[in-house]
$ cat protein-v3.txt   # compact mmCIF, N, CA, C and O atoms
# COMPACT_ATOMS: atom_id res chain seq x y z
N MET A 1 7.76 17.12 5.89
CA MET A 1 7.65 16.10 4.85
C MET A 1 6.87 14.90 5.39
O MET A 1 6.99 14.53 6.53
N SER A 2 6.10 14.30 4.53
CA SER A 2 5.31 13.15 4.92
C SER A 2 6.17 11.91 5.08
O SER A 2 7.27 11.83 4.55
N SER A 3 5.64 10.98 5.79
CA SER A 3 6.32 9.70 5.97
C SER A 3 6.51 9.01 4.62
O SER A 3 5.72 9.18 3.70
N GLU A 4 7.52 8.18 4.54
CA GLU A 4 7.79 7.43 3.31
C GLU A 4 6.72 6.36 3.07
O GLU A 4 6.48 5.97 1.94
N TRP A 5 6.09 5.91 4.14
CA TRP A 5 5.10 4.84 4.06
C TRP A 5 3.71 5.36 4.42
O TRP A 5 3.58 6.29 5.21
N MET A 6 2.68 4.75 3.86
CA MET A 6 1.31 5.12 4.21
C MET A 6 0.49 3.86 4.48
O MET A 6 0.82 2.78 4.00
N SER A 7 -0.54 4.06 5.24
CA SER A 7 -1.43 2.94 5.58
C SER A 7 -2.32 2.59 4.40
O SER A 7 -2.44 3.35 3.43
N VAL A 8 -2.95 1.44 4.49
CA VAL A 8 -3.91 1.01 3.47
C VAL A 8 -5.03 2.05 3.36
O VAL A 8 -5.45 2.42 2.26
N ARG A 9 -5.49 2.56 4.48
CA ARG A 9 -6.57 3.55 4.48
C ARG A 9 -6.13 4.84 3.77
O ARG A 9 -6.88 5.39 2.95
N GLU A 10 -4.93 5.32 4.06
CA GLU A 10 -4.42 6.53 3.39
C GLU A 10 -4.27 6.30 1.89
O GLU A 10 -4.63 7.16 1.09
N ALA A 11 -3.74 5.13 1.53
CA ALA A 11 -3.57 4.82 0.11
C ALA A 11 -4.92 4.78 -0.60
O ALA A 11 -5.05 5.28 -1.72
N ALA A 12 -5.91 4.21 0.05
CA ALA A 12 -7.25 4.13 -0.54
C ALA A 12 -7.81 5.52 -0.80
O ALA A 12 -8.43 5.76 -1.85
N GLU A 13 -7.59 6.45 0.11
CA GLU A 13 -8.06 7.82 -0.08
C GLU A 13 -7.40 8.46 -1.29
O GLU A 13 -8.06 9.10 -2.10
N VAL A 14 -6.08 8.29 -1.43
CA VAL A 14 -5.35 8.86 -2.55
C VAL A 14 -5.82 8.24 -3.87
O VAL A 14 -5.99 8.93 -4.87
N LEU A 15 -6.02 6.94 -3.86
CA LEU A 15 -6.42 6.21 -5.07
C LEU A 15 -7.92 6.30 -5.35
O LEU A 15 -8.38 5.84 -6.40
N GLU A 16 -8.67 6.86 -4.41
CA GLU A 16 -10.12 7.01 -4.52
C GLU A 16 -10.82 5.67 -4.72
O GLU A 16 -11.69 5.50 -5.58
N VAL A 17 -10.40 4.70 -3.89
CA VAL A 17 -11.04 3.39 -3.84
C VAL A 17 -11.27 3.06 -2.37
O VAL A 17 -10.82 3.78 -1.48
N SER A 18 -11.93 1.96 -2.11
CA SER A 18 -12.17 1.58 -0.72
C SER A 18 -10.92 0.93 -0.12
O SER A 18 -10.13 0.31 -0.85
N PRO A 19 -10.73 1.06 1.19
CA PRO A 19 -9.60 0.38 1.84
C PRO A 19 -9.65 -1.13 1.59
O PRO A 19 -8.61 -1.77 1.46
N ARG A 20 -10.84 -1.68 1.50
CA ARG A 20 -10.98 -3.12 1.24
C ARG A 20 -10.39 -3.51 -0.12
O ARG A 20 -9.79 -4.56 -0.27
N THR A 21 -10.56 -2.64 -1.11
CA THR A 21 -10.00 -2.89 -2.44
C THR A 21 -8.48 -2.96 -2.37
O THR A 21 -7.86 -3.86 -2.95
N VAL A 22 -7.88 -2.03 -1.65
CA VAL A 22 -6.42 -2.01 -1.51
C VAL A 22 -5.97 -3.25 -0.72
O VAL A 22 -5.01 -3.92 -1.10
N GLN A 23 -6.68 -3.57 0.35
CA GLN A 23 -6.32 -4.73 1.18
C GLN A 23 -6.39 -6.01 0.35
O GLN A 23 -5.51 -6.87 0.46
N ARG A 24 -7.40 -6.14 -0.49
CA ARG A 24 -7.52 -7.32 -1.34
C ARG A 24 -6.36 -7.42 -2.32
O ARG A 24 -5.87 -8.51 -2.61
N SER A 25 -5.90 -6.29 -2.83
CA SER A 25 -4.78 -6.30 -3.78
C SER A 25 -3.49 -6.74 -3.10
O SER A 25 -2.56 -7.21 -3.75
N LEU A 26 -3.42 -6.59 -1.78
CA LEU A 26 -2.25 -7.01 -1.03
C LEU A 26 -2.34 -8.45 -0.54
O LEU A 26 -1.33 -9.09 -0.26
N ALA A 27 -3.54 -8.98 -0.44
CA ALA A 27 -3.74 -10.32 0.11
C ALA A 27 -3.26 -11.44 -0.82
O ALA A 27 -2.78 -12.47 -0.37
N ASN A 28 -3.37 -11.21 -2.11
CA ASN A 28 -2.97 -12.22 -3.09
C ASN A 28 -1.52 -11.95 -3.52
O ASN A 28 -1.23 -10.88 -4.06
N PRO A 29 -0.60 -12.89 -3.30
CA PRO A 29 0.82 -12.66 -3.62
C PRO A 29 1.09 -12.27 -5.07
O PRO A 29 1.91 -11.39 -5.32
N ASP A 30 0.39 -12.90 -6.02
CA ASP A 30 0.61 -12.56 -7.44
C ASP A 30 0.13 -11.14 -7.76
O ASP A 30 0.81 -10.37 -8.41
N GLN A 31 -1.06 -10.83 -7.28
CA GLN A 31 -1.61 -9.49 -7.52
C GLN A 31 -0.78 -8.44 -6.79
O GLN A 31 -0.53 -7.36 -7.32
N ARG A 32 -0.34 -8.75 -5.58
CA ARG A 32 0.49 -7.82 -4.81
C ARG A 32 1.77 -7.49 -5.57
O ARG A 32 2.15 -6.33 -5.69
N ALA A 33 2.42 -8.49 -6.12
CA ALA A 33 3.66 -8.28 -6.88
C ALA A 33 3.39 -7.46 -8.14
O ALA A 33 4.16 -6.56 -8.48
N ARG A 34 2.29 -7.75 -8.81
CA ARG A 34 1.93 -7.05 -10.05
C ARG A 34 1.59 -5.58 -9.78
O ARG A 34 2.02 -4.69 -10.51
N GLU A 35 0.83 -5.33 -8.74
CA GLU A 35 0.36 -3.96 -8.48
C GLU A 35 1.32 -3.12 -7.65
O GLU A 35 1.40 -1.91 -7.83
N TRP A 36 2.04 -3.75 -6.71
CA TRP A 36 2.82 -2.97 -5.76
C TRP A 36 4.32 -3.24 -5.80
O TRP A 36 5.08 -2.60 -5.10
N GLY A 37 4.75 -4.20 -6.61
CA GLY A 37 6.18 -4.49 -6.70
C GLY A 37 6.64 -5.42 -5.58
O GLY A 37 5.85 -6.17 -5.01
N THR A 38 7.91 -5.35 -5.27
CA THR A 38 8.50 -6.26 -4.29
C THR A 38 8.43 -5.70 -2.88
O THR A 38 8.31 -4.49 -2.68
N GLU A 39 8.52 -6.60 -1.92
CA GLU A 39 8.52 -6.18 -0.51
C GLU A 39 9.71 -5.29 -0.24
O GLU A 39 10.82 -5.58 -0.67
N GLY A 40 9.49 -4.19 0.43
CA GLY A 40 10.54 -3.23 0.74
C GLY A 40 10.68 -2.16 -0.33
O GLY A 40 11.18 -1.09 -0.08
N SER A 41 10.20 -2.48 -1.52
CA SER A 41 10.26 -1.51 -2.62
C SER A 41 8.94 -0.74 -2.71
O SER A 41 8.93 0.48 -2.66
N GLY A 42 7.83 -1.47 -2.86
CA GLY A 42 6.53 -0.83 -2.98
C GLY A 42 5.62 -1.04 -1.79
O GLY A 42 4.65 -0.32 -1.61
N TRP A 43 5.94 -2.04 -0.98
CA TRP A 43 5.10 -2.34 0.18
C TRP A 43 5.94 -3.01 1.26
O TRP A 43 7.04 -3.47 0.99
N ARG A 44 5.41 -3.02 2.45
CA ARG A 44 6.04 -3.76 3.55
C ARG A 44 4.94 -4.29 4.46
O ARG A 44 3.84 -3.77 4.49
N HIS A 45 5.28 -5.35 5.16
CA HIS A 45 4.33 -5.99 6.06
C HIS A 45 4.88 -5.87 7.47
O HIS A 45 6.06 -6.12 7.69
N LYS A 46 4.04 -5.47 8.38
CA LYS A 46 4.45 -5.32 9.78
C LYS A 46 3.73 -6.39 10.60
O LYS A 46 2.69 -6.13 11.19
N PRO A 47 4.28 -7.61 10.63
CA PRO A 47 3.59 -8.73 11.27
C PRO A 47 3.43 -8.61 12.78
O PRO A 47 2.55 -9.24 13.35
N LEU A 48 4.24 -7.81 13.41
CA LEU A 48 4.14 -7.68 14.87
C LEU A 48 3.16 -6.61 15.30
O LEU A 48 2.90 -6.45 16.49
N SER A 49 2.61 -5.87 14.36
CA SER A 49 1.60 -4.89 14.72
C SER A 49 0.30 -5.63 15.04
O SER A 49 0.20 -6.84 14.90
N THR A 50 -0.68 -4.92 15.44
CA THR A 50 -1.93 -5.50 15.93
C THR A 50 -2.51 -6.58 15.03
O THR A 50 -2.85 -7.65 15.48
N ARG A 51 -2.62 -6.29 13.74
CA ARG A 51 -3.27 -7.26 12.83
C ARG A 51 -2.40 -7.61 11.63
O ARG A 51 -2.93 -8.00 10.60
N GLY A 52 -1.11 -7.49 11.73
CA GLY A 52 -0.26 -7.78 10.58
C GLY A 52 -0.50 -6.79 9.46
O GLY A 52 -0.88 -7.15 8.36
N VAL A 53 -0.31 -5.53 9.74
CA VAL A 53 -0.65 -4.43 8.85
C VAL A 53 0.32 -4.32 7.67
O VAL A 53 1.52 -4.47 7.83
N TYR A 54 -0.25 -4.05 6.50
CA TYR A 54 0.55 -3.70 5.33
C TYR A 54 0.70 -2.19 5.27
O TYR A 54 -0.21 -1.46 5.65
N GLN A 55 1.84 -1.74 4.77
CA GLN A 55 2.04 -0.33 4.48
C GLN A 55 2.56 -0.23 3.05
O GLN A 55 3.25 -1.12 2.56
N LEU A 56 2.22 0.87 2.41
CA LEU A 56 2.59 1.08 1.01
C LEU A 56 3.50 2.29 0.90
O LEU A 56 3.32 3.28 1.61
N ARG A 57 4.49 2.19 0.00
CA ARG A 57 5.41 3.31 -0.20
C ARG A 57 4.65 4.46 -0.84
O ARG A 57 3.98 4.30 -1.85
N ARG A 58 4.74 5.62 -0.22
CA ARG A 58 4.01 6.81 -0.67
C ARG A 58 4.25 7.10 -2.15
O ARG A 58 3.31 7.36 -2.90
N SER A 59 5.49 7.05 -2.60
CA SER A 59 5.79 7.38 -3.99
C SER A 59 5.12 6.42 -4.98
O SER A 59 4.68 6.82 -6.06
N VAL A 60 5.00 5.15 -4.60
CA VAL A 60 4.35 4.15 -5.46
C VAL A 60 2.86 4.42 -5.54
O VAL A 60 2.26 4.37 -6.61
N VAL A 61 2.24 4.76 -4.41
CA VAL A 61 0.81 5.07 -4.39
C VAL A 61 0.53 6.32 -5.23
O VAL A 61 -0.40 6.33 -6.05
N LEU A 62 1.34 7.34 -5.07
CA LEU A 62 1.11 8.59 -5.82
C LEU A 62 1.32 8.36 -7.32
O LEU A 62 0.57 8.90 -8.13
N GLN A 63 2.30 7.56 -7.67
CA GLN A 63 2.53 7.24 -9.08
C GLN A 63 1.34 6.48 -9.63
O GLN A 63 0.86 6.76 -10.73
N LYS A 64 0.84 5.52 -8.88
CA LYS A 64 -0.33 4.73 -9.30
C LYS A 64 -1.55 5.63 -9.47
O LYS A 64 -2.38 5.39 -10.35
N ALA A 65 -1.65 6.65 -8.64
CA ALA A 65 -2.79 7.57 -8.70
C ALA A 65 -2.61 8.63 -9.78
O ALA A 65 -3.51 9.43 -10.03
N GLY A 66 -1.41 8.67 -10.39
CA GLY A 66 -1.15 9.66 -11.43
C GLY A 66 -0.81 11.03 -10.87
O GLY A 66 -0.93 12.03 -11.54
N LYS A 67 -0.38 11.05 -9.61
CA LYS A 67 -0.03 12.31 -8.95
C LYS A 67 1.47 12.34 -8.73
O LYS A 67 2.11 11.33 -8.54
N VAL A 68 2.02 13.54 -8.73
CA VAL A 68 3.46 13.70 -8.53
C VAL A 68 3.68 14.18 -7.11
O VAL A 68 3.02 15.10 -6.63
N GLU A 69 4.62 13.52 -6.41
CA GLU A 69 4.94 13.94 -5.05
C GLU A 69 5.77 15.21 -5.12
O GLU A 69 6.71 15.30 -5.88
N GLY A 70 5.43 16.16 -4.29
CA GLY A 70 6.19 17.40 -4.33
C GLY A 70 5.83 18.23 -3.25
O GLY A 70 5.99 18.84 -2.42
$ encode --input "protein-v3.txt" --output "structure tokens"
Amino acid sequence: MSSEWMSVREAAEVLEVSPRTVQRSLANPDQRAREWGTEGSGWRHKPLSTRGVYQLRRSVVLQKAGKVEG
């Protein structure tokens, strides 16, 4: 089974957009809440990683892409 969380790059591949597009949607707090939900629910931030990496919940990304996890 895949990890519960995915990187911005992985999410971009599933959503068929650029990683930069996904990163921009996470950079703005209002847009982040609108597109990804609350922290811990649809996304999480790992501030101690190299560059303060965001991760997205796999099920939220797949739902946004119109795909069913299975």
$ residues_around --input "protein-v3.txt" --residues "range 7-16 of chain A" --least-positions-apart "6" --cutoff "8 Å" --atoms "all atoms listed in the file" --output "list in words"
Val22, Gln23, Val53, Tyr54, Gln55, Leu56, Arg57, Arg58, Val61, Leu62, Lys64, Ala65, Gly66 and Lys67 of chain A
$ closest_residue --input "protein-v3.txt" --among "A:Val60, A:Val17, A:Arg24, A:Ser3" --to "Ser41 in chain A" --atoms "all atoms listed in the file"
A:Val60
$ atom_distance --input "protein-v3.txt" --atom1 "CA of Thr21 in chain A" --atom2 "atom C of Arg34 in chain A"
14.0 Å
$ residues_around --input "protein-v3.txt" --residues "Ser59 in chain A" --least-positions-apart "4" --cutoff "10 Å" --atoms "only C-alpha atoms" --output "tab-separated table (two decimals) with N, CA, C and O atoms, keeping the file's coordinate frame"
chain	number	residue	atom	x	y	z
A	4	GLU	N	7.52	8.18	4.54
A	4	GLU	CA	7.79	7.43	3.31
A	4	GLU	C	6.72	6.36	3.07
A	4	GLU	O	6.48	5.97	1.94
A	5	TRP	N	6.09	5.91	4.14
A	5	TRP	CA	5.10	4.84	4.06
A	5	TRP	C	3.71	5.36	4.42
A	5	TRP	O	3.58	6.29	5.21
A	6	MET	N	2.68	4.75	3.86
A	6	MET	CA	1.31	5.12	4.21
A	6	MET	C	0.49	3.86	4.48
A	6	MET	O	0.82	2.78	4.00
A	42	GLY	N	7.83	-1.47	-2.86
A	42	GLY	CA	6.53	-0.83	-2.98
A	42	GLY	C	5.62	-1.04	-1.79
A	42	GLY	O	4.65	-0.32	-1.61
A	63	GLN	N	2.30	7.56	-7.67
A	63	GLN	CA	2.53	7.24	-9.08
A	63	GLN	C	1.34	6.48	-9.63
A	63	GLN	O	0.86	6.76	-10.73
A	64	LYS	N	0.84	5.52	-8.88
A	64	LYS	CA	-0.33	4.73	-9.30
A	64	LYS	C	-1.55	5.63	-9.47
A	64	LYS	O	-2.38	5.39	-10.35
A	65	ALA	N	-1.65	6.65	-8.64
A	65	ALA	CA	-2.79	7.57	-8.70
A	65	ALA	C	-2.61	8.63	-9.78
A	65	ALA	O	-3.51	9.43	-10.03
A	67	LYS	N	-0.38	11.05	-9.61
A	67	LYS	CA	-0.03	12.31	-8.95
A	67	LYS	C	1.47	12.34	-8.73
A	67	LYS	O	2.11	11.33	-8.54
A	68	VAL	N	2.02	13.54	-8.73
A	68	VAL	CA	3.46	13.70	-8.53
A	68	VAL	C	3.68	14.18	-7.11
A	68	VAL	O	3.02	15.10	-6.63
A	69	GLU	N	4.62	13.52	-6.41
A	69	GLU	CA	4.94	13.94	-5.05
A	69	GLU	C	5.77	15.21	-5.12
A	69	GLU	O	6.71	15.30	-5.88
$ atom_distance --input "protein-v3.txt" --atom1 "CA of Asp30 in chain A" --atom2 "CA of Leu48 in chain A"
23.1 Å
$ select_by_dssp --input "protein-v3.txt" --residues "chain A" --states "alpha helix (DSSP H)" --output "PyMOL selection string"
chain A and resi 8-15+19-27+29-36+58-65
$ axis_aligned_box --input "protein-v3.txt" --around "range 39-42 of chain A" --padding-each-side "8 Å" --output "AutoDock Vina command-line options"
--center_x 7.9 --center_y -3.1 --center_z -1.1 --size_x 22.5 --size_y 23.1 --size_z 19.7
$ atom_distance --input "protein-v3.txt" --atom1 "CA of Arg20 in chain A" --atom2 "atom O of Gly52 in chain A"
13.0 Å
$ select_by_dssp --input "protein-v3.txt" --residues "chain A" --states "strand (DSSP E)" --output "list of chain:residue names"
A:Trp5, A:Met6, A:Ser7, A:Trp43, A:Arg44, A:His45, A:Lys46, A:Val53, A:Tyr54, A:Gln55, A:Leu56, A:Arg57
